[in-house]
There are 2 protein chains.
Amino acid sequence: MPVLTILGNNSAIPAFGRNPTAQVLQAGEEAYLIDCGEGTQSQLSKYKVKRNHINRIFISHLHGDHYFGLIGLLTSMSLLGRVHDMHLHAPALLQPIIQLQLDAADTRLGYQLYFHALTTEGEIANDKRMIISSFKVQHRIDCWGFLFKEKRNPRSIDALKAKAFEIPEAYYGELQKGKDYTTKKGTTIPNKEVTKAASNAKIYAYCADTIFDPSIAEKIKNADLVYHETTYLKDLEERAASRFHCTTVQAGTIAKLANAKKLIIGHFSSKYEALDDFLLQTKAVFENTELALEGVCFKY
Amino acid sequence: MPVLTILGNNSAIPAFGRNPTAQVLQAGEEAYLIDCGEGTQSQLSKYKVKRNHINRIFISHLHGDHYFGLIGLLTSMSLLGRVHDMHLHAPALLQPIIQLQLDAADTRLGYQLYFHALTTEGEIANDKRMIISSFKVQHRIDCWGFLFKEKRNPRSIDALKAKAFEIPEAYYGELQKGKDYTTKKGTTIPNKEVTKAASNAKIYAYCADTIFDPSIAEKIKNADLVYHETTYLKDLEERAASRFHCTTVQAGTIAKLANAKKLIIGHFSSKYEALDDFLLQTKAVFENTELALEGVCFKY
């Protein structure tokens, strides 16, 4: 079961003890960092996230509250002895920004950093347990959402029964794919006798910073968990639009249109200290909503 | 009386709740930020330092633990409505790093940022109460220390006495400079009769990151307060030298050679959790030493 941990949920500037945007998605041994506002490396320590499991980082766009913590994290990982590869998926301009800072410090990272520029929608990574794709969202600058689709898990084998039927271990791979087994004597052992169906493959959709855009709903259709920004409460719809952001009601509407199972909201404007109204207003549109509070882990 | 507030004292990476290097020096209405590690803007909020009083920022060198918090602070100041000028004194390469990040975000600061590249030793700023000069230190990359010299304060006028002698207010400026007053009748009123000497002009020396270099002592001679790095305890003198850093004993030696009044030490390696030995070892060489602990204000 994948777990999403919130490391930051504030927009623009740190305020009221809230840090700028960062999240970690963990699926087994694989972990993904999604956006990396200033202070993310300290947040990772605070919430005891093993940074060595993070092998891919996704940066949605180059507003500072989504990436100013990245260069510190990358260099600290090196100082802490990281040697295995890191993959960074981000708008192309981030590459020279990182390179210039490494050059200025006369520093070489102790590991290989592969930069993958976000240019078109579609699959951008295919790992052991996850397929990740990017989708375009409308913001003031080039900005991307990310879809994390679990791979369909293989069926799990009941080893005792499989042995009882004398099925050779070499055939287990076929069993996991759902195939029946035929014995030397010609008897067919139905797959269901010796395997169990795996849990459903889950989908997490990270919608980044975006203006209200119903076409997003189609891109994140049926997601189990959706993160959508709610920079403002519903009375500031006009301001939200002018700044390419969304309100509570708009986020709830997207989740509803997408037939999402659960919605988490964040990227709160620093003008708000209390967050109660964000939850109330969004729940009025989409009941299964929670605040993306720092340190909270969402299992989905 | 100037006040130095410590915002961060750790080297390389944040650890044990210690933030990377940043300090604020306040003298009356003028405030100076010295280095700006990641998280400095949050530290300013935490310790209630009025960021609007900061009109100059000094960056010693371009290792990340000394400036990764700068871009976040500069953009946050703009978002919070700053309109008055900011002066940034730093190695030249910092200018394109900042510009590239502003360009990537399609952002213009709401205030004028004047960039002053550090190129030669000597005076770099002359403000109402302070003259600031830079001096070269030996580090792995281009690195600068800063000397903050209070201007000699004017003599303070005893207004009651000055009135009793019928000295016109227009002449008070001359009195403050130490001049005597001659009445219309030709009587000389000695300056000392109507003024008091001001307190001594104080000197703060920030020695940045440096290898052990006794020539620094000459540059910071007789400083009232010296900040010198102690990245390592005395047993790691060799490692310190190889990384262009200093030990406790070396920092104490510099303060002694400089005839400093007080020494504060910081930039502790993340390998150390407890700091007691830093204080003990340095005090053994230079008694009037204190740890540069976060949140502590040093009046000097």
# chains A, B, ... in the order shown; residues from 1 in each chain; ligands from 1
>>> interface_residues(of="chain B", to="chain A", cutoff="6 Å", atoms="only C-alpha atoms", output="MDAnalysis selection string")
chainID B and resid 13 39 62:63 76 105
>>> calpha_fit_and_write(fixed="chain A", moving="chain B", output="mmCIF file with C-alpha atoms, in the first residue's frame")
data_model
loop_
_atom_site.group_PDB
_atom_site.id
_atom_site.type_symbol
_atom_site.label_atom_id
_atom_site.label_comp_id
_atom_site.auth_asym_id
_atom_site.auth_seq_id
_atom_site.Cartn_x
_atom_site.Cartn_y
_atom_site.Cartn_z
ATOM 1 C CA MET B 1 0.040 0.012 0.167
ATOM 2 C CA PRO B 2 1.675 3.294 -0.938
ATOM 3 C CA VAL B 3 2.076 6.039 1.656
ATOM 4 C CA LEU B 4 2.173 9.757 0.958
ATOM 5 C CA THR B 5 3.846 11.957 3.602
ATOM 6 C CA ILE B 6 3.309 15.713 3.586
ATOM 7 C CA LEU B 7 6.468 17.764 4.273
ATOM 8 C CA GLY B 8 5.139 21.209 3.397
ATOM 9 C CA ASN B 9 1.781 22.716 2.496
ATOM 10 C CA ASN B 10 2.143 26.477 2.327
ATOM 11 C CA SER B 11 2.242 28.677 -0.741
ATOM 12 C CA ALA B 12 4.801 31.344 -1.642
ATOM 13 C CA ILE B 13 6.482 31.883 1.735
ATOM 14 C CA PRO B 14 6.861 29.909 4.964
ATOM 15 C CA ALA B 15 4.239 31.122 7.472
ATOM 16 C CA PHE B 16 2.565 30.033 10.715
ATOM 17 C CA GLY B 17 5.070 27.191 10.997
ATOM 18 C CA ARG B 18 3.967 25.890 7.598
ATOM 19 C CA ASN B 19 6.691 25.050 5.098
ATOM 20 C CA PRO B 20 6.492 25.401 1.323
ATOM 21 C CA THR B 21 5.429 22.479 -0.818
ATOM 22 C CA ALA B 22 7.071 19.060 -0.595
ATOM 23 C CA GLN B 23 5.725 15.523 -0.374
ATOM 24 C CA VAL B 24 7.217 12.038 -0.295
ATOM 25 C CA LEU B 25 5.470 9.052 -1.835
ATOM 26 C CA GLN B 26 6.716 5.675 -0.625
ATOM 27 C CA ALA B 27 5.894 2.369 -2.251
ATOM 28 C CA GLY B 28 7.892 -0.488 -0.790
ATOM 29 C CA GLU B 29 11.572 0.333 -1.094
ATOM 30 C CA GLU B 30 10.946 3.032 -3.678
ATOM 31 C CA ALA B 31 10.399 6.606 -2.607
ATOM 32 C CA TYR B 32 9.608 9.699 -4.660
ATOM 33 C CA LEU B 33 10.044 13.296 -3.651
ATOM 34 C CA ILE B 34 7.435 15.583 -5.191
ATOM 35 C CA ASP B 35 8.452 19.250 -5.170
ATOM 36 C CA CYS B 36 11.076 20.502 -2.785
ATOM 37 C CA GLY B 37 10.466 23.892 -1.160
ATOM 38 C CA GLU B 38 13.099 25.517 1.039
ATOM 39 C CA GLY B 39 13.725 23.515 4.201
ATOM 40 C CA THR B 40 12.727 20.154 2.700
ATOM 41 C CA GLN B 41 15.953 18.477 3.820
ATOM 42 C CA SER B 42 15.180 19.483 7.406
ATOM 43 C CA GLN B 43 11.590 18.286 7.018
ATOM 44 C CA LEU B 44 12.852 14.904 5.786
ATOM 45 C CA SER B 45 14.940 14.604 8.955
ATOM 46 C CA LYS B 46 12.093 15.800 11.163
ATOM 47 C CA TYR B 47 9.691 13.195 9.814
ATOM 48 C CA LYS B 48 12.356 10.478 9.627
ATOM 49 C CA VAL B 49 12.004 9.830 5.903
ATOM 50 C CA LYS B 50 14.911 7.746 4.657
ATOM 51 C CA ARG B 51 16.405 9.963 1.993
ATOM 52 C CA ASN B 52 18.490 7.126 0.579
ATOM 53 C CA HIS B 53 15.316 5.484 -0.686
ATOM 54 C CA ILE B 54 14.535 8.545 -2.781
ATOM 55 C CA ASN B 55 15.826 7.840 -6.253
ATOM 56 C CA ARG B 56 13.567 10.167 -8.192
ATOM 57 C CA ILE B 57 12.605 13.765 -7.581
ATOM 58 C CA PHE B 58 9.782 15.486 -9.443
ATOM 59 C CA ILE B 59 9.643 19.287 -9.627
ATOM 60 C CA SER B 60 6.325 20.625 -10.934
ATOM 61 C CA HIS B 61 7.490 24.134 -11.832
ATOM 62 C CA LEU B 62 10.130 26.736 -11.093
ATOM 63 C CA HIS B 63 8.416 28.982 -8.591
ATOM 64 C CA GLY B 64 10.708 29.049 -5.585
ATOM 65 C CA ASP B 65 8.243 27.599 -3.099
ATOM 66 C CA HIS B 66 8.426 24.381 -5.108
ATOM 67 C CA TYR B 67 12.185 23.954 -5.558
ATOM 68 C CA PHE B 68 14.392 26.317 -3.491
ATOM 69 C CA GLY B 69 15.186 23.421 -1.142
ATOM 70 C CA LEU B 70 16.450 21.195 -3.941
ATOM 71 C CA ILE B 71 20.052 22.361 -4.318
ATOM 72 C CA GLY B 72 20.561 22.042 -0.552
ATOM 73 C CA LEU B 73 19.108 18.545 -0.523
ATOM 74 C CA LEU B 74 21.157 17.377 -3.519
ATOM 75 C CA THR B 75 24.453 18.665 -2.083
ATOM 76 C CA SER B 76 23.673 17.376 1.414
ATOM 77 C CA MET B 77 22.978 13.918 -0.009
ATOM 78 C CA SER B 78 26.444 14.016 -1.546
ATOM 79 C CA LEU B 79 28.058 15.220 1.694
ATOM 80 C CA LEU B 80 26.297 12.389 3.532
ATOM 81 C CA GLY B 81 27.940 9.864 1.221
ATOM 82 C CA ARG B 82 25.276 9.047 -1.350
ATOM 83 C CA VAL B 83 26.765 7.161 -4.302
ATOM 84 C CA HIS B 84 23.731 5.729 -6.108
ATOM 85 C CA ASP B 85 22.009 7.432 -9.002
ATOM 86 C CA MET B 86 19.396 10.134 -8.634
ATOM 87 C CA HIS B 87 16.875 11.003 -11.317
ATOM 88 C CA LEU B 88 15.472 14.490 -11.463
ATOM 89 C CA HIS B 89 12.352 15.244 -13.528
ATOM 90 C CA ALA B 90 11.780 18.970 -13.890
ATOM 91 C CA PRO B 91 11.368 21.863 -16.320
ATOM 92 C CA ALA B 92 14.504 22.198 -18.446
ATOM 93 C CA LEU B 93 15.654 25.485 -16.920
ATOM 94 C CA LEU B 94 16.396 23.803 -13.615
ATOM 95 C CA GLN B 95 19.448 22.071 -15.051
ATOM 96 C CA PRO B 96 21.578 25.208 -15.603
ATOM 97 C CA ILE B 97 20.419 26.596 -12.242
ATOM 98 C CA ILE B 98 21.807 23.525 -10.484
ATOM 99 C CA GLN B 99 24.941 23.384 -12.605
ATOM 100 C CA LEU B 100 25.770 27.040 -11.998
ATOM 101 C CA GLN B 101 25.526 26.547 -8.246
ATOM 102 C CA LEU B 102 27.683 23.411 -8.286
ATOM 103 C CA ASP B 103 30.248 25.220 -10.423
ATOM 104 C CA ALA B 104 30.295 28.262 -8.128
ATOM 105 C CA ALA B 105 31.063 25.986 -5.179
ATOM 106 C CA ASP B 106 33.631 24.022 -7.215
ATOM 107 C CA THR B 107 31.634 20.958 -6.180
ATOM 108 C CA ARG B 108 30.975 17.638 -7.859
ATOM 109 C CA LEU B 109 28.198 15.476 -6.515
ATOM 110 C CA GLY B 110 29.407 12.087 -5.306
ATOM 111 C CA TYR B 111 26.614 10.402 -7.258
ATOM 112 C CA GLN B 112 25.274 10.585 -10.776
ATOM 113 C CA LEU B 113 22.416 13.065 -11.201
ATOM 114 C CA TYR B 114 20.363 12.323 -14.296
ATOM 115 C CA PHE B 115 18.290 15.245 -15.459
ATOM 116 C CA HIS B 116 15.058 14.532 -17.346
ATOM 117 C CA ALA B 117 13.410 17.642 -18.743
ATOM 118 C CA LEU B 118 9.610 17.656 -18.695
ATOM 119 C CA THR B 119 8.531 18.313 -22.253
ATOM 120 C CA THR B 120 5.516 16.210 -23.219
ATOM 121 C CA GLU B 121 2.655 14.537 -21.406
ATOM 122 C CA GLY B 122 2.880 10.802 -20.802
ATOM 123 C CA GLU B 123 5.071 8.199 -19.152
ATOM 124 C CA ILE B 124 8.293 9.584 -17.675
ATOM 125 C CA ALA B 125 9.404 6.724 -15.421
ATOM 126 C CA ASN B 126 8.781 3.018 -15.183
ATOM 127 C CA ASP B 127 10.060 1.521 -11.947
ATOM 128 C CA LYS B 128 9.615 -1.769 -10.176
ATOM 129 C CA ARG B 129 6.321 -0.850 -8.558
ATOM 130 C CA MET B 130 5.260 2.396 -10.170
ATOM 131 C CA ILE B 131 4.692 3.963 -13.547
ATOM 132 C CA ILE B 132 4.873 7.730 -13.381
ATOM 133 C CA SER B 133 3.492 10.045 -15.994
ATOM 134 C CA SER B 134 3.347 13.805 -16.282
ATOM 135 C CA PHE B 135 0.443 15.977 -17.385
ATOM 136 C CA LYS B 136 0.355 19.642 -18.192
ATOM 137 C CA VAL B 137 -1.456 22.055 -15.897
ATOM 138 C CA GLN B 138 -2.175 25.726 -16.510
ATOM 139 C CA HIS B 139 -0.146 28.014 -14.315
ATOM 140 C CA ARG B 140 1.626 31.338 -14.732
ATOM 141 C CA ILE B 141 4.717 29.474 -15.935
ATOM 142 C CA ASP B 142 5.392 26.012 -17.390
ATOM 143 C CA CYS B 143 3.897 23.615 -14.825
ATOM 144 C CA TRP B 144 3.315 19.868 -14.544
ATOM 145 C CA GLY B 145 1.184 17.458 -12.581
ATOM 146 C CA PHE B 146 2.253 13.878 -11.918
ATOM 147 C CA LEU B 147 0.339 10.627 -11.941
ATOM 148 C CA PHE B 148 1.749 7.718 -9.943
ATOM 149 C CA LYS B 149 0.195 4.455 -11.074
ATOM 150 C CA GLU B 150 1.046 1.334 -9.155
ATOM 151 C CA LYS B 151 1.782 -1.560 -11.431
ATOM 152 C CA ARG B 152 -0.820 -4.258 -11.249
ATOM 153 C CA ASN B 153 0.534 -6.535 -8.578
ATOM 154 C CA PRO B 154 1.056 -10.195 -9.490
ATOM 155 C CA ARG B 155 -1.364 -12.750 -8.035
ATOM 156 C CA SER B 156 -0.075 -14.168 -4.765
ATOM 157 C CA ILE B 157 0.661 -17.897 -4.651
ATOM 158 C CA ASP B 158 -0.658 -20.192 -1.977
ATOM 159 C CA ALA B 159 2.619 -22.087 -1.598
ATOM 160 C CA LEU B 160 1.155 -24.973 0.403
ATOM 161 C CA LYS B 161 -1.476 -25.710 -2.223
ATOM 162 C CA ALA B 162 0.964 -25.272 -5.088
ATOM 163 C CA LYS B 163 3.263 -27.825 -3.474
ATOM 164 C CA ALA B 164 0.359 -30.186 -2.849
ATOM 165 C CA PHE B 165 -0.376 -30.105 -6.604
ATOM 166 C CA GLU B 166 3.368 -30.641 -7.242
ATOM 167 C CA ILE B 167 3.661 -27.498 -9.358
ATOM 168 C CA PRO B 168 7.389 -26.817 -9.954
ATOM 169 C CA GLU B 169 8.666 -23.513 -8.551
ATOM 170 C CA ALA B 170 9.967 -22.585 -11.985
ATOM 171 C CA TYR B 171 6.302 -22.202 -13.012
ATOM 172 C CA TYR B 172 5.390 -19.806 -10.180
ATOM 173 C CA GLY B 173 6.017 -16.774 -12.412
ATOM 174 C CA GLU B 174 3.362 -18.032 -14.825
ATOM 175 C CA LEU B 175 0.954 -18.672 -11.942
ATOM 176 C CA GLN B 176 1.405 -15.080 -10.821
ATOM 177 C CA LYS B 177 0.398 -13.950 -14.279
ATOM 178 C CA GLY B 178 -2.848 -15.937 -13.892
ATOM 179 C CA LYS B 179 -2.062 -18.997 -16.002
ATOM 180 C CA ASP B 180 -3.420 -22.459 -15.194
ATOM 181 C CA TYR B 181 -1.035 -25.404 -14.727
ATOM 182 C CA THR B 182 -1.235 -28.660 -16.604
ATOM 183 C CA THR B 183 0.353 -31.684 -14.905
ATOM 184 C CA LYS B 184 2.428 -34.288 -16.743
ATOM 185 C CA LYS B 185 -0.628 -36.507 -16.658
ATOM 186 C CA GLY B 186 -2.638 -33.832 -18.446
ATOM 187 C CA THR B 187 -4.749 -32.664 -15.503
ATOM 188 C CA THR B 188 -5.398 -28.936 -15.448
ATOM 189 C CA ILE B 189 -5.037 -27.140 -12.124
ATOM 190 C CA PRO B 190 -7.067 -23.907 -12.425
ATOM 191 C CA ASN B 191 -5.067 -20.861 -11.457
ATOM 192 C CA LYS B 192 -7.664 -19.827 -8.894
ATOM 193 C CA GLU B 193 -6.998 -23.052 -6.958
ATOM 194 C CA VAL B 194 -3.455 -21.980 -6.069
ATOM 195 C CA THR B 195 -3.392 -18.154 -6.240
ATOM 196 C CA LYS B 196 -5.236 -15.166 -4.867
ATOM 197 C CA ALA B 197 -5.924 -11.932 -6.681
ATOM 198 C CA ALA B 198 -3.660 -9.066 -5.651
ATOM 199 C CA SER B 199 -5.002 -5.840 -4.262
ATOM 200 C CA ASN B 200 -5.943 -3.246 -6.811
ATOM 201 C CA ALA B 201 -3.154 -1.111 -8.279
ATOM 202 C CA LYS B 202 -3.556 2.347 -6.800
ATOM 203 C CA ILE B 203 -3.299 5.757 -8.433
ATOM 204 C CA TYR B 204 -2.047 8.986 -6.849
ATOM 205 C CA ALA B 205 -2.525 12.259 -8.742
ATOM 206 C CA TYR B 206 -0.500 15.332 -7.826
ATOM 207 C CA CYS B 207 -2.068 18.334 -9.539
ATOM 208 C CA ALA B 208 0.596 20.934 -8.637
ATOM 209 C CA ASP B 209 -0.260 24.654 -8.919
ATOM 210 C CA THR B 210 -3.051 25.292 -11.382
ATOM 211 C CA ILE B 211 -5.872 27.531 -12.402
ATOM 212 C CA PHE B 212 -9.332 25.917 -12.225
ATOM 213 C CA ASP B 213 -9.277 23.568 -15.202
ATOM 214 C CA PRO B 214 -11.940 20.856 -15.510
ATOM 215 C CA SER B 215 -9.871 19.094 -18.182
ATOM 216 C CA ILE B 216 -7.567 17.942 -15.366
ATOM 217 C CA ALA B 217 -10.376 15.699 -14.104
ATOM 218 C CA GLU B 218 -10.117 13.600 -17.257
ATOM 219 C CA LYS B 219 -6.358 13.178 -16.797
ATOM 220 C CA ILE B 220 -6.654 11.948 -13.215
ATOM 221 C CA LYS B 221 -9.866 9.926 -13.684
ATOM 222 C CA ASN B 222 -10.633 7.432 -10.886
ATOM 223 C CA ALA B 223 -7.506 8.244 -8.876
ATOM 224 C CA ASP B 224 -7.510 6.744 -5.393
ATOM 225 C CA LEU B 225 -5.860 9.821 -3.940
ATOM 226 C CA VAL B 226 -5.775 13.320 -5.443
ATOM 227 C CA TYR B 227 -3.746 16.265 -4.202
ATOM 228 C CA HIS B 228 -5.191 19.529 -5.472
ATOM 229 C CA GLU B 229 -4.157 23.016 -4.458
ATOM 230 C CA THR B 230 -6.531 25.338 -2.611
ATOM 231 C CA THR B 231 -4.551 28.548 -2.341
ATOM 232 C CA TYR B 232 -7.675 30.555 -1.484
ATOM 233 C CA LEU B 233 -11.075 30.207 0.125
ATOM 234 C CA LYS B 234 -14.096 30.346 -2.188
ATOM 235 C CA ASP B 235 -14.749 34.094 -1.795
ATOM 236 C CA LEU B 236 -11.453 34.850 -3.573
ATOM 237 C CA GLU B 237 -12.253 33.011 -6.800
ATOM 238 C CA GLU B 238 -11.364 36.038 -8.889
ATOM 239 C CA ARG B 239 -7.989 36.530 -7.224
ATOM 240 C CA ALA B 240 -7.334 32.797 -7.562
ATOM 241 C CA ALA B 241 -7.982 32.936 -11.305
ATOM 242 C CA SER B 242 -5.853 36.027 -11.817
ATOM 243 C CA ARG B 243 -2.925 34.273 -10.140
ATOM 244 C CA PHE B 244 -3.544 30.900 -11.810
ATOM 245 C CA HIS B 245 -4.566 29.291 -8.533
ATOM 246 C CA CYS B 246 -7.704 27.579 -7.195
ATOM 247 C CA THR B 247 -10.219 27.836 -4.393
ATOM 248 C CA THR B 248 -11.641 25.170 -2.093
ATOM 249 C CA VAL B 249 -14.812 24.759 -4.122
ATOM 250 C CA GLN B 250 -12.837 24.411 -7.338
ATOM 251 C CA ALA B 251 -10.573 21.705 -5.901
ATOM 252 C CA GLY B 252 -13.592 19.798 -4.633
ATOM 253 C CA THR B 253 -15.212 20.112 -8.051
ATOM 254 C CA ILE B 254 -12.164 18.608 -9.780
ATOM 255 C CA ALA B 255 -12.103 15.655 -7.359
ATOM 256 C CA LYS B 256 -15.823 15.080 -7.962
ATOM 257 C CA LEU B 257 -15.523 15.307 -11.742
ATOM 258 C CA ALA B 258 -12.557 12.909 -11.609
ATOM 259 C CA ASN B 259 -14.513 10.396 -9.551
ATOM 260 C CA ALA B 260 -11.610 10.388 -7.109
ATOM 261 C CA LYS B 261 -11.787 8.300 -3.961
ATOM 262 C CA LYS B 262 -10.079 10.798 -1.696
ATOM 263 C CA LEU B 263 -8.881 14.403 -1.952
ATOM 264 C CA ILE B 264 -6.170 16.166 0.004
ATOM 265 C CA ILE B 265 -5.791 19.928 -0.223
ATOM 266 C CA GLY B 266 -2.868 22.263 0.389
ATOM 267 C CA HIS B 267 -0.757 25.204 -0.884
ATOM 268 C CA PHE B 268 -2.566 27.520 1.509
ATOM 269 C CA SER B 269 -2.010 31.232 1.076
ATOM 270 C CA SER B 270 0.011 32.871 3.832
ATOM 271 C CA LYS B 271 -2.903 35.235 4.428
ATOM 272 C CA TYR B 272 -4.704 32.452 6.301
ATOM 273 C CA GLU B 273 -3.613 31.295 9.731
ATOM 274 C CA ALA B 274 -6.548 28.975 10.506
ATOM 275 C CA LEU B 275 -7.325 26.252 7.977
ATOM 276 C CA ASP B 276 -10.725 25.077 9.214
ATOM 277 C CA ASP B 277 -12.671 26.841 6.480
ATOM 278 C CA PHE B 278 -10.562 25.191 3.777
ATOM 279 C CA LEU B 279 -11.742 21.806 4.987
ATOM 280 C CA LEU B 280 -15.367 22.823 5.514
ATOM 281 C CA GLN B 281 -15.742 24.478 2.116
ATOM 282 C CA THR B 282 -14.079 21.665 0.199
ATOM 283 C CA LYS B 283 -15.999 18.925 2.029
ATOM 284 C CA ALA B 284 -19.235 20.676 1.083
ATOM 285 C CA VAL B 285 -18.386 19.787 -2.522
ATOM 286 C CA PHE B 286 -16.395 16.583 -2.045
ATOM 287 C CA GLU B 287 -16.968 14.857 1.274
ATOM 288 C CA ASN B 288 -13.863 12.651 1.464
ATOM 289 C CA THR B 289 -11.396 15.526 1.782
ATOM 290 C CA GLU B 290 -8.532 16.032 4.226
ATOM 291 C CA LEU B 291 -6.088 18.858 4.809
ATOM 292 C CA ALA B 292 -2.542 18.044 3.637
ATOM 293 C CA LEU B 293 -1.059 18.746 7.058
ATOM 294 C CA GLU B 294 2.679 18.443 7.570
ATOM 295 C CA GLY B 295 3.856 15.152 8.943
ATOM 296 C CA VAL B 296 0.596 13.379 8.133
ATOM 297 C CA CYS B 297 0.907 10.086 6.220
ATOM 298 C CA PHE B 298 -1.863 9.173 3.822
ATOM 299 C CA LYS B 299 -2.117 5.440 3.111
ATOM 300 C CA TYR B 300 -4.302 4.801 0.133
#
>>> select_by_dssp(residues="range 236-290 of chain B", states="helix (DSSP H, G or I)", output="list in words")
Leu236, Glu237, Glu238, Arg239, Ala240, Ala241, Ser242, Thr248, Val249, Gln250, Ala251, Gly252, Thr253, Ile254, Ala255, Lys256, Leu257, Asp276, Asp277, Phe278, Leu279, Leu280, Gln281, Thr282 and Lys283 of chain B
